[in-house]
Amino acid sequence: MSDPVRLPPDLPDDRLPRVLGEALAGLYTGEPRLPARAGGRTAGLAALQAWTGQGYAGRNFLGGNVSRLSMYLRHGMLGLREVAAHARAVMRGRERDEFLRQLTWAEFYRLVLRQEGARVLGNLEDPKYPARWVGTLPDDVREARTGLPCADAWVTHLVRDGWMHNHERLWFAAYLVHWRGVDWRAGYALFREHLLDGDIANNALSWQWVASTFSNKPYFMNQENIDRYSGGRWCRTCRAECPFRASYGELETQLFGTQP
Amino acid sequence: MTAPQVRRVVWIHGDSLSVTDPALSACPDAPALFVFDRPFLQAVPVAFPRLAFMYQGVRDLAAHRAGPTEIRVGSVPDELAAFAGAHHAAELHVTRNFTPDFARIVDGLRAARPDLRIIIHEPERLTSFDGPLRRFFGFWKKVEREVLHGEPAPDFPRRGHRQERR
């Protein structure tokens, strides 16, 4: 057994990376640095109070006003009930209902984890297409040098901020599993390494939803979808040979052989 | 006169990093422990900012409660057993989470300290749904009214969910 290591519970942020880094030497990846958003219930409550939900209807756009509260919910720093109560108080109409519906995914995934236990870490169902996935994350993906500006930006964003917009998560997952033929568990492990909201339930089950091992069909997108919901962020200046530039019908045939 | 209180400690884990956590709320004055899980972190790559985020969560709850809060690095069941022993605790309180690790750690602690009573508090839920699950859409149809309005509808008994079982 190793010697016990104890940490004071009141390290200020300016000393945190050094002292915590020393205490956890050999037990983390990357450089010791503060997270892009501060942890703790006080920070979570401030983020909750500051969020009005205005413009949530545009939530699928990368520039849309999403709550960015997932990391606080994941660690119990905020509770689902108080976030729901806040939404009921400050939001109106369809935006409010849609936000509450999205929030309910977190409850759903927790309950699926309760029902399935460790089985969520393997395929819950057979994939809905003849998939032959490899288990290893390719180096060019991990190092954000695929040559695709969008895919490289998704990985860079993940590592830098420990957070991605839901649409970026879906695009990246679809790219990795369907275009690169990588087992969703390799993507799950990359997200677990970096996402401040990374947990078993949301993370594994969202990957399985994209991979079609916890859904009726695989999720995929095309270039038009990425261009639209990113506001042209990458496509406008992209010179890469785009693997996403095709109709949905053409991509279905190319990726899945037949219509899944 | 009040009866002497049972000596208690609280285990804080990564799903319970708030002073409002049910186990912490039940034992506001009891010593509490958070453990960075050394065997887990040796086996699984985790980037530093995630660990710092959790540290900040423990720091925040420590500043907002009456009882002392400790942070250690090590094997979770071993550290919990040692912590409970050092405080002569008869009870350890914790809030359940549904991860496979939770059950493993509780089993390890029971094996190490069979005399320690482990009190498991239930986590907060958004809905009262208790039936089997398959797809989100079906789940949403059952909980929609409860989520949108903040309370179970009168025609929405838990008994009804169980009848869904096929």
# chains A, B, ... in the order shown; residues from 1 in each chain; ligands from 1
>>> interface_residues(of="chain A", to="chain B", cutoff="7 Å", atoms="only C-alpha atoms", output="MDAnalysis selection string")
chainID A and resid 4:10 27:35 38:42 74:77 80:81 97 100 107:108 112:114 117:118 192:194 196
>>> residues_around(residues="A:Pro218", least_positions_apart="3", cutoff="12 Å", atoms="only C-alpha atoms", output="JSON, numbers by chain")
{"A": [126, 127, 128, 129, 130, 131, 170, 171, 173, 174, 175, 177, 178, 179, 184, 206, 207, 208, 209, 210, 211, 212, 213, 214, 215, 221, 251, 252, 255, 256, 259, 260]}
>>> select_by_dssp(residues="stretch 70-152 of chain A", states="helix (DSSP H, G or I)", output="NGL selection string")
:A and (70-74 or 80-90 or 93-121 or 139-142 or 149-152)
>>> select_by_dssp(residues="chain B", states="strand (DSSP E or B)", output="number ranges by chain")
B: 8-12, 32-37, 47, 69-74, 91-95, 117-121
>>> atom_distance(atom1="atom CA of A:Arg142", atom2="atom CA of A:Ala201")
22.7 Å
>>> closest_residue(among="A:Val159, A:Leu176, A:Ala204, A:Leu148", to="A:Cys238", atoms="only C-alpha atoms")
A:Leu148
>>> closest_residue(among="A:Arg233, A:Arg15, A:Arg101, A:Arg132", to="A:Asp183", atoms="only C-alpha atoms")
A:Arg132
